[in-house]
Amino acid sequence: MDTTTLDHYWAKADTITEHDSPWHTFVYHALDVCAVAAELWAASPRTRAAFATAFPAEPDPARRRAWVLYFIALHDLGKLHACFQCKAPDVLPLSWPRLAARPASGCSRFDHGLVGYALGRKLAPTMPGRRPRVCPHWRGWLGAVTGHHGEVFDDEHPRLNDTKTLLDGYADPDIEVQDQAARRDWLAQAASLFLEPQGIAADDSPPPCDDSARALLAGFCSLCDWIGSDSAHFPYRAPSEPAADYWQCRRQYIRDTGLLHRLGLLGESQPYPGLAALLRDGERPRGVQTLIDASHASRPGLTLIEAPTGSGKTEAALALAWQLLAAGEAETIVFALPTQATANAMLGRCVDFARHAFDDANLVLAHGHRDLNARFRALVERGTHSAADTQPPASVQCAHWLASSRKRVFLGQLGVCTIDQVLLSVLPVRHNFIRAFGLHRAVLIVDEIHAYDAYMQGLLDEVLRRQRATGGSAILLSATLPSRIRARLLDTWRDTPATATTTPAVYPALWRDDRTTPQSLPTTEQPPVRTVALELWRDPGLRPDATGIEALIEAARQGARVGVVMNLVDDAQWLAQQLRDRDAVPVDLFHARLRRCDRQDIEQRVLDRYGRDAAEDGGRILVATQVIEQSLDLDLDWLITQLCPVDLLFQRIGRLHRHQRARPTGFETPRCSVLAPPEGTEDYGLHQLIYGDARLLWRTERLIREQHEARFPAAYRDWIETVYDDRPQDDEPDAIYACHCGWRDAQRAANDKAIQLTRLNQTQFRDNDEPARALTRDGELGVDVLLLDHTGHTLEGEPLPATTDPAWEEARLLNTCPAPSSWKKTTLADCPYDEHGQVPLHMETIGPGRWRCPQSGLIYNTRLGLSRQPLD
């Protein structure tokens with residue numbers, strides 16, 4: 001083949017690893033990425049639909065595809081520059097000998113993405129007129145594709161001025177002229193390959209590219225670049241054949257090898273058989289589940305399901321998502337939950353669902369400590385082990401590739417994650433658009449939608465807006481949603497707010513964005529009226545007194561599974577020790593202030609002992625914090641809880657008599673005892689700090705005092721609306737109202753802060769940095785402490801692997817324990833952080849399973865967790 005100016009430019013170079021060629025030409029790499037884009041576009045109806053929604057000004061699908069491929073071909077435009085070429089001095093004598101003899105300057109600070117954007121601005125075609133101007137929208141498209149390494153560029157980028165010295169004067173004049181010629185040549189070739197066959201001239205203006213469209217394009221381009229840059233699939237080749245021939249060859253290779261299927265980006269769902277397929281043998285759809293098969297969810301949109309805890313919302317949501325998959329309106333599912341514990345619990349249920357819906361889906365778990373989840377690790381290990389198989393099952397074909405980065409959680413058929421991973425898609429962190437692109441192909445399911453504060457709600461609103469902007473779908477689940485939050489969520493999706501009404505909405509209900517009234521259950525499927533007896537246990541510290549402790553023990557002796565939910569870890573630890581000191585009945589303690597290795601074991605034991613399938617082996621007591629409040633399928637005979645806002649109280653009550661089974665004598669009817677301060681108290685102490693608004697606690701306590709029982713499902717509307725009503729009650733104390741006003745103003749400020757953050761473009765945060773994780777939450781994050789013995793080994797005396805050992809990260813996580821943010825300035829004030837953002841604490845053994853840190857005074861007990869004072 002005759003060489004051209006472009007043939008001197010490499011895009012990938014490696015003189016260490018064995019390749020057929022030590023460099024891969026720029027043209028071939030650009031076409032590798034375009035080939036991936038073309039094949040993914042052809043095989044993914046949802047991708048095509050998202051681009052159609054995001055670029056409505058171009059109604060012709062073929063022309064829309066042409067513009068996308070053309071600009072993706074320009075994604076590495078900045079590599080057609082001598083400074084970039086000099087980054088591989090060992091390759092230059094082969095690719096461009098003349099440049100090797102006269103290297104360019106300024107190479108060390110060269111950012112080929114940002115320079116590519118700056119160069120592309122100068123190459124943009126102009127529109128004719130008295131004063132020619134750059135083609136409208138060119139820069140929006142260019143900024144999306146050249147920002148494929150983490151951020152979308154625009155003319156306001158703070159580092160754009162730094163590129164001026166790299167636009168001219170960086171090399172000998174004849175070399176700069178060659179760079180300019182190469183860039184013009186490539187634009188012409190790309191136009192010839194992609195635009196001209198669709199009747200588009202190179203100087204035509206592309207369709208408008210707004211913020212949502214730019215994020216979609218950036219995500220699509222980055223994903224295709226990740227795949228197209230893998231030399232295992234696209235081996236290095238020096239110039240050997242014309243661009244058009246190479247382009248067709250690479251497309252055929254992708255089809256012949258099923259590459260996109262093997263990487264987990266494509267997978268066929270099974271036909272939807274009806275919700276009953278997701279139930280156990282002998283079970284039938286119940287409650288809100290009976291609305292699903294009749295809803296015919298064949299169009300994308302927003303669905304909000306309100307139904308009691310334990311009524312099968314999860315199966316209803318998955319069935320709705322399956323309908324959308326079967327209708328071709330989505331290709332994947334992302335299930336977001338409020339905590340790591342709830343995400344871990346959901347993973348098991350989604351494994352079962354995957355077998356039904358996909359035969360064997362590519363399933364990914366994403367949260368900060370997912371590598372410690374045994375079930376997920378098994379999936380990844382199967383994928384690694386089966387890499388050499390000729391026809392491994394779909395779930396293991398790409399497990400290793402998808403699991404290699406949390407950014408890829410949304411690219412497989414089924415992703416289970418914490419809500420933080422979803423919120424990062426709209427925050428100013430690097431590669432946020434990869435997450436966004438994955439969401440646009442998915443049905444997004446968000447559980448416990450009531451559980452998020454005003455800051456996180458502001459971020460979630462933006463997630464929903466962007467999901468709608470690309471024609472996506474979302475399903476929101478809650479048992480305890482105040483009407484004003486429900487209305488805001490629905491209005492966020494709709495073009496115009498729905499007409500306000502004072503009529504209480506039906507419950508349970510299924511809401512759709514295209515309807516102003518919800519679907520309600522037929523009379524035969526209304527949940528039975530369930531009455532829960534409520535009583536107040538008065539105590540200044542909101543702790544059970546001696547009489548209460550004896551009552552708990554006696555209940556367990558009678559065979560009851562008793563649950564006690566405390567708002568504070570300190571209170572939970574104290575109560576567990578009080579009960580264990582009596583050595584009368586088995587006592588379990590579950591909270592977050594434990595080493596990861598200890599928490600894993602405890603979490604599984606709690607599910608085994610108090611879950612749906614727990615063995616009937618006698619009574620016991622579970623003392624826990626809010627970790628059991630949401631999404632964990634526990635079934636208690638009696639519940640005791642510290643006072644909390646009514647919606648969270650109902651969440652806790654949802655663990656009470658959750659399933660049909662025989663109850664011990666005296667516990668045949670559900671009963672909840674609520675620990676509250678002495679009557680007339682208006683200061684709720686630390687509990688007020690936890691929940692922010694004293695009015696919610698005061699009104700909840702008042703309802704319990706006056707009603708003595710809650711009748712469900714009516715209480716989900718009546719009680720929650722009474723507590724969350726913005727209007728002051730006649731006898732509301734001034735101090736309570738003043739506290740509410742301060743909390744309300746803080747919530748508005750937090751919501752505004754969230755919205756402002758989503759409007760930012762540039763960022764210095766990687767998405768796995770501590771500062772990025774902090775962006776998903778309002779307020780200061782806690783601190784992780786690494787518990788070691790005096791020799792730097794684990795508390796059990798086992799040496800940690802070397803930092804270069806792949807096992808080191810897991811060992812570090814397993815021996816880490818979270819501590820409250822308030823300890824940073826008190827207990828841990830004199831304890832320095834290490835380079836990983838943790839505080840190492842060297843502990844001394846003070847007894848079996850017990851250690852103390854001389855520097856901080858903190859004590860760790862494998863049965864009780866981390867504390868600031870001796871508990872035993």
# chains A, B, ... in the order shown; residues from 1 in each chain; ligands from 1
$ closest_atom_pairs --of "segment 27-114 of chain A" --to "segment 141-158 of chain A" --cutoff "8 Å" --atoms "only C-alpha atoms" --output "tab-separated table"
residue	atom	partner	partner_atom	distance
A:Phe71	CA	A:Leu142	CA	6.6
A:Ile72	CA	A:Val145	CA	5.9
A:Leu74	CA	A:Val145	CA	7.2
A:His75	CA	A:Thr146	CA	4.6
A:Asp76	CA	A:Thr146	CA	6.4
A:Leu77	CA	A:Thr146	CA	7.5
A:Gly113	CA	A:Thr146	CA	4.9
A:Leu114	CA	A:Thr146	CA	6.8
$ residues_around --residues "segment 211-215 of chain A" --least-positions-apart "5" --cutoff "8 Å" --atoms "only C-alpha atoms" --output "list in words"
Phe51, Ala54, Phe55, Gly140, Trp141, Gly143, Ala144, Val152, Phe433, Ala436, Phe437, Arg466, Ala469 and Thr470 of chain A
$ select_by_dssp --residues "segment 7-141 of chain A" --states "strand (DSSP E or B)" --output "ChimeraX atom specification"
/A:10-13,23-25,126-127,133-134
$ write_last_selection --atoms "N, CA, C and O atoms" --output "short mmCIF file (atom, residue, chain, number, x, y, z; two decimals), in the first residue's frame"
data_model
loop_
_atom_site.label_atom_id
_atom_site.label_comp_id
_atom_site.auth_asym_id
_atom_site.auth_seq_id
_atom_site.Cartn_x
_atom_site.Cartn_y
_atom_site.Cartn_z
N TRP A 10 1.00 7.32 14.94
CA TRP A 10 0.51 6.18 15.72
C TRP A 10 -0.54 6.66 16.72
O TRP A 10 -0.55 7.82 17.14
N ALA A 11 -1.40 5.75 17.12
CA ALA A 11 -2.38 6.04 18.18
C ALA A 11 -2.10 5.20 19.41
O ALA A 11 -2.36 5.63 20.54
N LYS A 12 -1.59 3.98 19.21
CA LYS A 12 -1.22 3.09 20.32
C LYS A 12 0.19 2.60 20.06
O LYS A 12 0.53 2.24 18.94
N ALA A 13 1.02 2.60 21.10
CA ALA A 13 2.41 2.15 20.94
C ALA A 13 2.81 1.35 22.16
O ALA A 13 2.43 1.67 23.29
N TRP A 23 3.52 -0.55 17.04
CA TRP A 23 2.64 0.62 17.03
C TRP A 23 1.42 0.33 16.17
O TRP A 23 1.43 -0.54 15.31
N HIS A 24 0.34 1.05 16.51
CA HIS A 24 -0.93 0.89 15.82
C HIS A 24 -1.29 2.25 15.22
O HIS A 24 -1.38 3.25 15.95
N THR A 25 -1.45 2.29 13.92
CA THR A 25 -1.63 3.57 13.25
C THR A 25 -2.89 4.29 13.71
O THR A 25 -3.89 3.68 14.09
N THR A 126 -17.00 26.72 8.41
CA THR A 126 -17.72 27.97 8.67
C THR A 126 -18.91 28.09 7.74
O THR A 126 -18.94 27.53 6.65
N MET A 127 -19.88 28.83 8.21
CA MET A 127 -21.10 29.06 7.43
C MET A 127 -20.91 30.31 6.58
O MET A 127 -20.34 31.31 7.04
N ARG A 133 -19.15 32.32 10.09
CA ARG A 133 -19.10 31.87 11.48
C ARG A 133 -18.99 30.35 11.51
O ARG A 133 -19.35 29.66 10.56
N VAL A 134 -18.46 29.86 12.62
CA VAL A 134 -18.27 28.41 12.78
C VAL A 134 -19.63 27.73 12.74
O VAL A 134 -20.63 28.25 13.24
#
$ residues_around --residues "Trp67 of chain A" --least-positions-apart "5" --cutoff "12 Å" --atoms "only C-alpha atoms" --output "PDB file with N, CA, C and O atoms, in the first residue's frame"
ATOM      1  N   CYS A  34     -14.701   3.275  15.677  1.00  0.00           N
ATOM      2  CA  CYS A  34     -15.905   3.482  14.872  1.00  0.00           C
ATOM      3  C   CYS A  34     -16.590   2.154  14.546  1.00  0.00           C
ATOM      4  O   CYS A  34     -17.826   2.081  14.480  1.00  0.00           O
ATOM      5  N   ALA A  37     -18.547   1.203  17.496  1.00  0.00           N
ATOM      6  CA  ALA A  37     -19.741   2.059  17.564  1.00  0.00           C
ATOM      7  C   ALA A  37     -20.787   1.620  16.553  1.00  0.00           C
ATOM      8  O   ALA A  37     -21.985   1.548  16.867  1.00  0.00           O
ATOM      9  N   ALA A  38     -20.368   1.323  15.339  1.00  0.00           N
ATOM     10  CA  ALA A  38     -21.318   0.933  14.296  1.00  0.00           C
ATOM     11  C   ALA A  38     -22.018  -0.373  14.638  1.00  0.00           C
ATOM     12  O   ALA A  38     -23.243  -0.519  14.433  1.00  0.00           O
ATOM     13  N   PHE A  51     -30.449   8.074  21.124  1.00  0.00           N
ATOM     14  CA  PHE A  51     -29.921   9.132  20.255  1.00  0.00           C
ATOM     15  C   PHE A  51     -31.048   9.830  19.493  1.00  0.00           C
ATOM     16  O   PHE A  51     -30.976  11.042  19.253  1.00  0.00           O
ATOM     17  N   PHE A  55     -31.426  13.788  19.943  1.00  0.00           N
ATOM     18  CA  PHE A  55     -31.165  14.628  18.765  1.00  0.00           C
ATOM     19  C   PHE A  55     -32.419  14.714  17.888  1.00  0.00           C
ATOM     20  O   PHE A  55     -32.436  14.222  16.756  1.00  0.00           O
ATOM     21  N   GLU A  58     -32.631  15.938  14.031  1.00  0.00           N
ATOM     22  CA  GLU A  58     -32.247  15.109  12.892  1.00  0.00           C
ATOM     23  C   GLU A  58     -33.141  13.871  12.871  1.00  0.00           C
ATOM     24  O   GLU A  58     -32.872  12.865  13.527  1.00  0.00           O
ATOM     25  N   ASP A  60     -33.815  11.756  10.457  1.00  0.00           N
ATOM     26  CA  ASP A  60     -33.391  10.648   9.602  1.00  0.00           C
ATOM     27  C   ASP A  60     -32.394   9.773  10.363  1.00  0.00           C
ATOM     28  O   ASP A  60     -31.289  10.220  10.687  1.00  0.00           O
ATOM     29  N   PRO A  61     -32.739   8.499  10.649  1.00  0.00           N
ATOM     30  CA  PRO A  61     -31.834   7.638  11.431  1.00  0.00           C
ATOM     31  C   PRO A  61     -30.474   7.446  10.774  1.00  0.00           C
ATOM     32  O   PRO A  61     -29.454   7.405  11.463  1.00  0.00           O
ATOM     33  N   ALA A  62     -30.435   7.327   9.452  1.00  0.00           N
ATOM     34  CA  ALA A  62     -29.163   7.097   8.767  1.00  0.00           C
ATOM     35  C   ALA A  62     -28.256   8.318   8.872  1.00  0.00           C
ATOM     36  O   ALA A  62     -27.037   8.191   9.080  1.00  0.00           O
ATOM     37  N   ILE A  72     -17.123  10.468  16.234  1.00  0.00           N
ATOM     38  CA  ILE A  72     -16.329   9.466  16.970  1.00  0.00           C
ATOM     39  C   ILE A  72     -14.999   9.242  16.266  1.00  0.00           C
ATOM     40  O   ILE A  72     -13.960   9.028  16.914  1.00  0.00           O
ATOM     41  N   ALA A  73     -14.991   9.322  14.943  1.00  0.00           N
ATOM     42  CA  ALA A  73     -13.729   9.198  14.202  1.00  0.00           C
ATOM     43  C   ALA A  73     -12.748  10.305  14.561  1.00  0.00           C
ATOM     44  O   ALA A  73     -11.540  10.164  14.365  1.00  0.00           O
ATOM     45  N   LEU A  74     -13.246  11.413  15.104  1.00  0.00           N
ATOM     46  CA  LEU A  74     -12.389  12.544  15.481  1.00  0.00           C
ATOM     47  C   LEU A  74     -12.001  12.526  16.951  1.00  0.00           C
ATOM     48  O   LEU A  74     -11.367  13.481  17.436  1.00  0.00           O
ATOM     49  N   HIS A 137     -23.219  24.237  16.616  1.00  0.00           N
ATOM     50  CA  HIS A 137     -23.276  22.926  17.280  1.00  0.00           C
ATOM     51  C   HIS A 137     -22.009  22.081  17.093  1.00  0.00           C
ATOM     52  O   HIS A 137     -21.888  21.028  17.709  1.00  0.00           O
ATOM     53  N   TRP A 138     -21.079  22.491  16.216  1.00  0.00           N
ATOM     54  CA  TRP A 138     -19.866  21.704  15.988  1.00  0.00           C
ATOM     55  C   TRP A 138     -19.118  21.468  17.302  1.00  0.00           C
ATOM     56  O   TRP A 138     -18.681  20.354  17.597  1.00  0.00           O
ATOM     57  N   TRP A 141     -20.566  18.758  19.736  1.00  0.00           N
ATOM     58  CA  TRP A 141     -20.225  17.400  19.335  1.00  0.00           C
ATOM     59  C   TRP A 141     -18.747  17.105  19.585  1.00  0.00           C
ATOM     60  O   TRP A 141     -18.389  16.054  20.113  1.00  0.00           O
ATOM     61  N   LEU A 142     -17.890  18.041  19.200  1.00  0.00           N
ATOM     62  CA  LEU A 142     -16.453  17.846  19.333  1.00  0.00           C
ATOM     63  C   LEU A 142     -16.047  17.722  20.796  1.00  0.00           C
ATOM     64  O   LEU A 142     -15.220  16.879  21.167  1.00  0.00           O
ATOM     65  N   VAL A 145     -16.790  14.105  22.172  1.00  0.00           N
ATOM     66  CA  VAL A 145     -15.949  12.970  21.757  1.00  0.00           C
ATOM     67  C   VAL A 145     -14.494  13.145  22.194  1.00  0.00           C
ATOM     68  O   VAL A 145     -13.831  12.171  22.553  1.00  0.00           O
ATOM     69  N   ALA A 190     -12.728  10.924   6.971  1.00  0.00           N
ATOM     70  CA  ALA A 190     -13.866  10.582   7.824  1.00  0.00           C
ATOM     71  C   ALA A 190     -15.180  11.022   7.184  1.00  0.00           C
ATOM     72  O   ALA A 190     -16.181  10.303   7.229  1.00  0.00           O
ATOM     73  N   ALA A 191     -15.175  12.206   6.583  1.00  0.00           N
ATOM     74  CA  ALA A 191     -16.378  12.674   5.897  1.00  0.00           C
ATOM     75  C   ALA A 191     -16.719  11.756   4.721  1.00  0.00           C
ATOM     76  O   ALA A 191     -17.885  11.441   4.470  1.00  0.00           O
ATOM     77  N   SER A 192     -15.678  11.312   4.008  1.00  0.00           N
ATOM     78  CA  SER A 192     -15.904  10.423   2.873  1.00  0.00           C
ATOM     79  C   SER A 192     -16.490   9.087   3.309  1.00  0.00           C
ATOM     80  O   SER A 192     -17.352   8.525   2.633  1.00  0.00           O
ATOM     81  N   LEU A 193     -16.026   8.582   4.449  1.00  0.00           N
ATOM     82  CA  LEU A 193     -16.491   7.282   4.923  1.00  0.00           C
ATOM     83  C   LEU A 193     -17.894   7.343   5.522  1.00  0.00           C
ATOM     84  O   LEU A 193     -18.703   6.425   5.322  1.00  0.00           O
ATOM     85  N   PHE A 194     -18.202   8.426   6.242  1.00  0.00           N
ATOM     86  CA  PHE A 194     -19.417   8.420   7.049  1.00  0.00           C
ATOM     87  C   PHE A 194     -20.478   9.436   6.616  1.00  0.00           C
ATOM     88  O   PHE A 194     -21.670   9.131   6.654  1.00  0.00           O
ATOM     89  N   LEU A 195     -20.082  10.642   6.211  1.00  0.00           N
ATOM     90  CA  LEU A 195     -21.055  11.674   5.888  1.00  0.00           C
ATOM     91  C   LEU A 195     -21.544  11.608   4.438  1.00  0.00           C
ATOM     92  O   LEU A 195     -22.752  11.626   4.170  1.00  0.00           O
ATOM     93  N   GLU A 196     -20.602  11.566   3.530  1.00  0.00           N
ATOM     94  CA  GLU A 196     -20.964  11.683   2.115  1.00  0.00           C
ATOM     95  C   GLU A 196     -21.907  10.588   1.629  1.00  0.00           C
ATOM     96  O   GLU A 196     -22.803  10.870   0.818  1.00  0.00           O
ATOM     97  N   PRO A 197     -21.789   9.310   2.100  1.00  0.00           N
ATOM     98  CA  PRO A 197     -22.764   8.307   1.657  1.00  0.00           C
ATOM     99  C   PRO A 197     -24.208   8.641   2.033  1.00  0.00           C
ATOM    100  O   PRO A 197     -25.133   8.120   1.413  1.00  0.00           O
ATOM    101  N   GLN A 198     -24.395   9.527   2.993  1.00  0.00           N
ATOM    102  CA  GLN A 198     -25.743   9.932   3.386  1.00  0.00           C
ATOM    103  C   GLN A 198     -26.111  11.314   2.853  1.00  0.00           C
ATOM    104  O   GLN A 198     -27.075  11.928   3.298  1.00  0.00           O
ATOM    105  N   GLY A 199     -25.323  11.791   1.881  1.00  0.00           N
ATOM    106  CA  GLY A 199     -25.634  13.073   1.268  1.00  0.00           C
ATOM    107  C   GLY A 199     -25.326  14.266   2.136  1.00  0.00           C
ATOM    108  O   GLY A 199     -25.882  15.349   1.921  1.00  0.00           O
ATOM    109  N   ILE A 200     -24.427  14.114   3.097  1.00  0.00           N
ATOM    110  CA  ILE A 200     -24.057  15.209   3.999  1.00  0.00           C
ATOM    111  C   ILE A 200     -22.711  15.754   3.556  1.00  0.00           C
ATOM    112  O   ILE A 200     -21.749  14.996   3.393  1.00  0.00           O
ATOM    113  N   ALA A 201     -22.636  17.048   3.355  1.00  0.00           N
ATOM    114  CA  ALA A 201     -21.380  17.694   2.995  1.00  0.00           C
ATOM    115  C   ALA A 201     -20.548  17.937   4.247  1.00  0.00           C
ATOM    116  O   ALA A 201     -21.083  18.137   5.343  1.00  0.00           O
ATOM    117  N   ALA A 202     -19.233  17.932   4.080  1.00  0.00           N
ATOM    118  CA  ALA A 202     -18.333  18.107   5.215  1.00  0.00           C
ATOM    119  C   ALA A 202     -18.522  19.443   5.911  1.00  0.00           C
ATOM    120  O   ALA A 202     -18.210  19.581   7.097  1.00  0.00           O
ATOM    121  N   ASP A 204     -21.483  20.949   6.246  1.00  0.00           N
ATOM    122  CA  ASP A 204     -22.834  21.087   6.802  1.00  0.00           C
ATOM    123  C   ASP A 204     -22.754  21.176   8.322  1.00  0.00           C
ATOM    124  O   ASP A 204     -21.801  20.686   8.949  1.00  0.00           O
ATOM    125  N   SER A 205     -23.758  21.791   8.910  1.00  0.00           N
ATOM    126  CA  SER A 205     -23.799  21.894  10.371  1.00  0.00           C
ATOM    127  C   SER A 205     -24.502  20.675  10.956  1.00  0.00           C
ATOM    128  O   SER A 205     -25.575  20.284  10.490  1.00  0.00           O
ATOM    129  N   PRO A 206     -23.913  20.050  11.961  1.00  0.00           N
ATOM    130  CA  PRO A 206     -24.600  18.923  12.615  1.00  0.00           C
ATOM    131  C   PRO A 206     -25.809  19.419  13.395  1.00  0.00           C
ATOM    132  O   PRO A 206     -25.941  20.621  13.666  1.00  0.00           O
ATOM    133  N   PRO A 207     -26.707  18.511  13.786  1.00  0.00           N
ATOM    134  CA  PRO A 207     -27.876  18.930  14.569  1.00  0.00           C
ATOM    135  C   PRO A 207     -27.467  19.432  15.948  1.00  0.00           C
ATOM    136  O   PRO A 207     -26.357  19.166  16.408  1.00  0.00           O
ATOM    137  N   PRO A 208     -28.345  20.178  16.616  1.00  0.00           N
ATOM    138  CA  PRO A 208     -28.016  20.704  17.955  1.00  0.00           C
ATOM    139  C   PRO A 208     -27.639  19.586  18.915  1.00  0.00           C
ATOM    140  O   PRO A 208     -28.152  18.471  18.843  1.00  0.00           O
ATOM    141  N   CYS A 209     -26.726  19.925  19.834  1.00  0.00           N
ATOM    142  CA  CYS A 209     -26.206  18.941  20.804  1.00  0.00           C
ATOM    143  C   CYS A 209     -26.253  19.582  22.184  1.00  0.00           C
ATOM    144  O   CYS A 209     -25.297  20.234  22.613  1.00  0.00           O
ATOM    145  N   LEU A 217     -23.510  11.159  23.984  1.00  0.00           N
ATOM    146  CA  LEU A 217     -22.474  10.941  22.975  1.00  0.00           C
ATOM    147  C   LEU A 217     -21.128  10.651  23.631  1.00  0.00           C
ATOM    148  O   LEU A 217     -20.383   9.764  23.190  1.00  0.00           O
TER     149      LEU A 217
END
$ residues_around --residues "Arg46 of chain A" --least-positions-apart "5" --cutoff "7 Å" --atoms "only C-alpha atoms" --output "compact mmCIF listing (two decimals) with N, CA, C and O atoms, in the first residue's frame"
# COMPACT_ATOMS: atom_id res chain seq x y z
N GLU A 329 -37.89 -1.75 24.72
CA GLU A 329 -37.76 -0.38 25.23
C GLU A 329 -36.61 -0.23 26.22
O GLU A 329 -36.36 0.87 26.72
N ALA A 330 -35.95 -1.31 26.54
CA ALA A 330 -34.77 -1.29 27.41
C ALA A 330 -33.98 -2.56 27.13
O ALA A 330 -34.51 -3.53 26.57
N GLU A 331 -32.72 -2.55 27.49
CA GLU A 331 -31.85 -3.70 27.27
C GLU A 331 -31.21 -4.22 28.55
O GLU A 331 -30.69 -5.33 28.56
N ARG A 441 -29.69 2.98 28.66
CA ARG A 441 -30.08 1.70 28.06
C ARG A 441 -30.92 0.87 29.02
O ARG A 441 -31.45 -0.16 28.64
$ residues_around --residues "Val646 of chain A" --least-positions-apart "5" --cutoff "12 Å" --atoms "only C-alpha atoms" --output "ChimeraX atom specification"
/A:450,479-482,641,651-653,674,691,695-704,710,715-724
$ select_by_dssp --residues "segment 421-505 of chain A" --states "helix (DSSP H, G or I)" --output "PyMOL selection string"
chain A and resi 421-423+432-440+449-451+454-469+483-493
$ atom_distance --atom1 "atom CA of Gln85 of chain A" --atom2 "atom CA of Ile434 of chain A"
27.7 Å
$ decode --residues "segment 347-359 of chain A" --atoms "N, CA, C and O atoms" --output "PDB file, in the first residue's frame"
ATOM      1  N   LEU A 347     -28.686  -8.700  45.714  1.00  0.00           N
ATOM      2  CA  LEU A 347     -27.909  -9.443  44.729  1.00  0.00           C
ATOM      3  C   LEU A 347     -28.413 -10.877  44.608  1.00  0.00           C
ATOM      4  O   LEU A 347     -28.576 -11.402  43.503  1.00  0.00           O
ATOM      5  N   GLY A 348     -28.669 -11.522  45.752  1.00  0.00           N
ATOM      6  CA  GLY A 348     -29.150 -12.895  45.714  1.00  0.00           C
ATOM      7  C   GLY A 348     -30.483 -13.021  44.993  1.00  0.00           C
ATOM      8  O   GLY A 348     -30.703 -13.950  44.215  1.00  0.00           O
ATOM      9  N   ARG A 349     -31.387 -12.078  45.233  1.00  0.00           N
ATOM     10  CA  ARG A 349     -32.692 -12.126  44.572  1.00  0.00           C
ATOM     11  C   ARG A 349     -32.551 -11.878  43.079  1.00  0.00           C
ATOM     12  O   ARG A 349     -33.274 -12.458  42.264  1.00  0.00           O
ATOM     13  N   CYS A 350     -31.602 -11.028  42.693  1.00  0.00           N
ATOM     14  CA  CYS A 350     -31.419 -10.738  41.275  1.00  0.00           C
ATOM     15  C   CYS A 350     -30.745 -11.891  40.538  1.00  0.00           C
ATOM     16  O   CYS A 350     -30.949 -12.057  39.330  1.00  0.00           O
ATOM     17  N   VAL A 351     -29.931 -12.670  41.245  1.00  0.00           N
ATOM     18  CA  VAL A 351     -29.360 -13.862  40.616  1.00  0.00           C
ATOM     19  C   VAL A 351     -30.487 -14.796  40.189  1.00  0.00           C
ATOM     20  O   VAL A 351     -30.487 -15.352  39.080  1.00  0.00           O
ATOM     21  N   ASP A 352     -31.470 -14.962  41.060  1.00  0.00           N
ATOM     22  CA  ASP A 352     -32.616 -15.810  40.717  1.00  0.00           C
ATOM     23  C   ASP A 352     -33.408 -15.218  39.557  1.00  0.00           C
ATOM     24  O   ASP A 352     -33.821 -15.934  38.642  1.00  0.00           O
ATOM     25  N   PHE A 353     -33.636 -13.909  39.589  1.00  0.00           N
ATOM     26  CA  PHE A 353     -34.373 -13.260  38.501  1.00  0.00           C
ATOM     27  C   PHE A 353     -33.638 -13.405  37.171  1.00  0.00           C
ATOM     28  O   PHE A 353     -34.264 -13.641  36.125  1.00  0.00           O
ATOM     29  N   ALA A 354     -32.318 -13.288  37.205  1.00  0.00           N
ATOM     30  CA  ALA A 354     -31.531 -13.351  35.976  1.00  0.00           C
ATOM     31  C   ALA A 354     -31.711 -14.685  35.270  1.00  0.00           C
ATOM     32  O   ALA A 354     -31.726 -14.757  34.038  1.00  0.00           O
ATOM     33  N   ARG A 355     -31.841 -15.752  36.046  1.00  0.00           N
ATOM     34  CA  ARG A 355     -32.025 -17.065  35.433  1.00  0.00           C
ATOM     35  C   ARG A 355     -33.335 -17.134  34.655  1.00  0.00           C
ATOM     36  O   ARG A 355     -33.431 -17.822  33.638  1.00  0.00           O
ATOM     37  N   HIS A 356     -34.348 -16.417  35.146  1.00  0.00           N
ATOM     38  CA  HIS A 356     -35.635 -16.410  34.454  1.00  0.00           C
ATOM     39  C   HIS A 356     -35.612 -15.479  33.243  1.00  0.00           C
ATOM     40  O   HIS A 356     -36.047 -15.846  32.149  1.00  0.00           O
ATOM     41  N   ALA A 357     -35.119 -14.265  33.440  1.00  0.00           N
ATOM     42  CA  ALA A 357     -35.277 -13.225  32.419  1.00  0.00           C
ATOM     43  C   ALA A 357     -34.233 -13.301  31.316  1.00  0.00           C
ATOM     44  O   ALA A 357     -34.503 -12.901  30.183  1.00  0.00           O
ATOM     45  N   PHE A 358     -33.033 -13.783  31.639  1.00  0.00           N
ATOM     46  CA  PHE A 358     -31.956 -13.770  30.651  1.00  0.00           C
ATOM     47  C   PHE A 358     -31.348 -15.150  30.412  1.00  0.00           C
ATOM     48  O   PHE A 358     -30.373 -15.264  29.694  1.00  0.00           O
ATOM     49  N   ASP A 359     -31.892 -16.173  31.048  1.00  0.00           N
ATOM     50  CA  ASP A 359     -31.257 -17.482  31.077  1.00  0.00           C
ATOM     51  C   ASP A 359     -30.065 -17.441  32.026  1.00  0.00           C
ATOM     52  O   ASP A 359     -29.993 -18.191  32.971  1.00  0.00           O
TER      53      ASP A 359
END
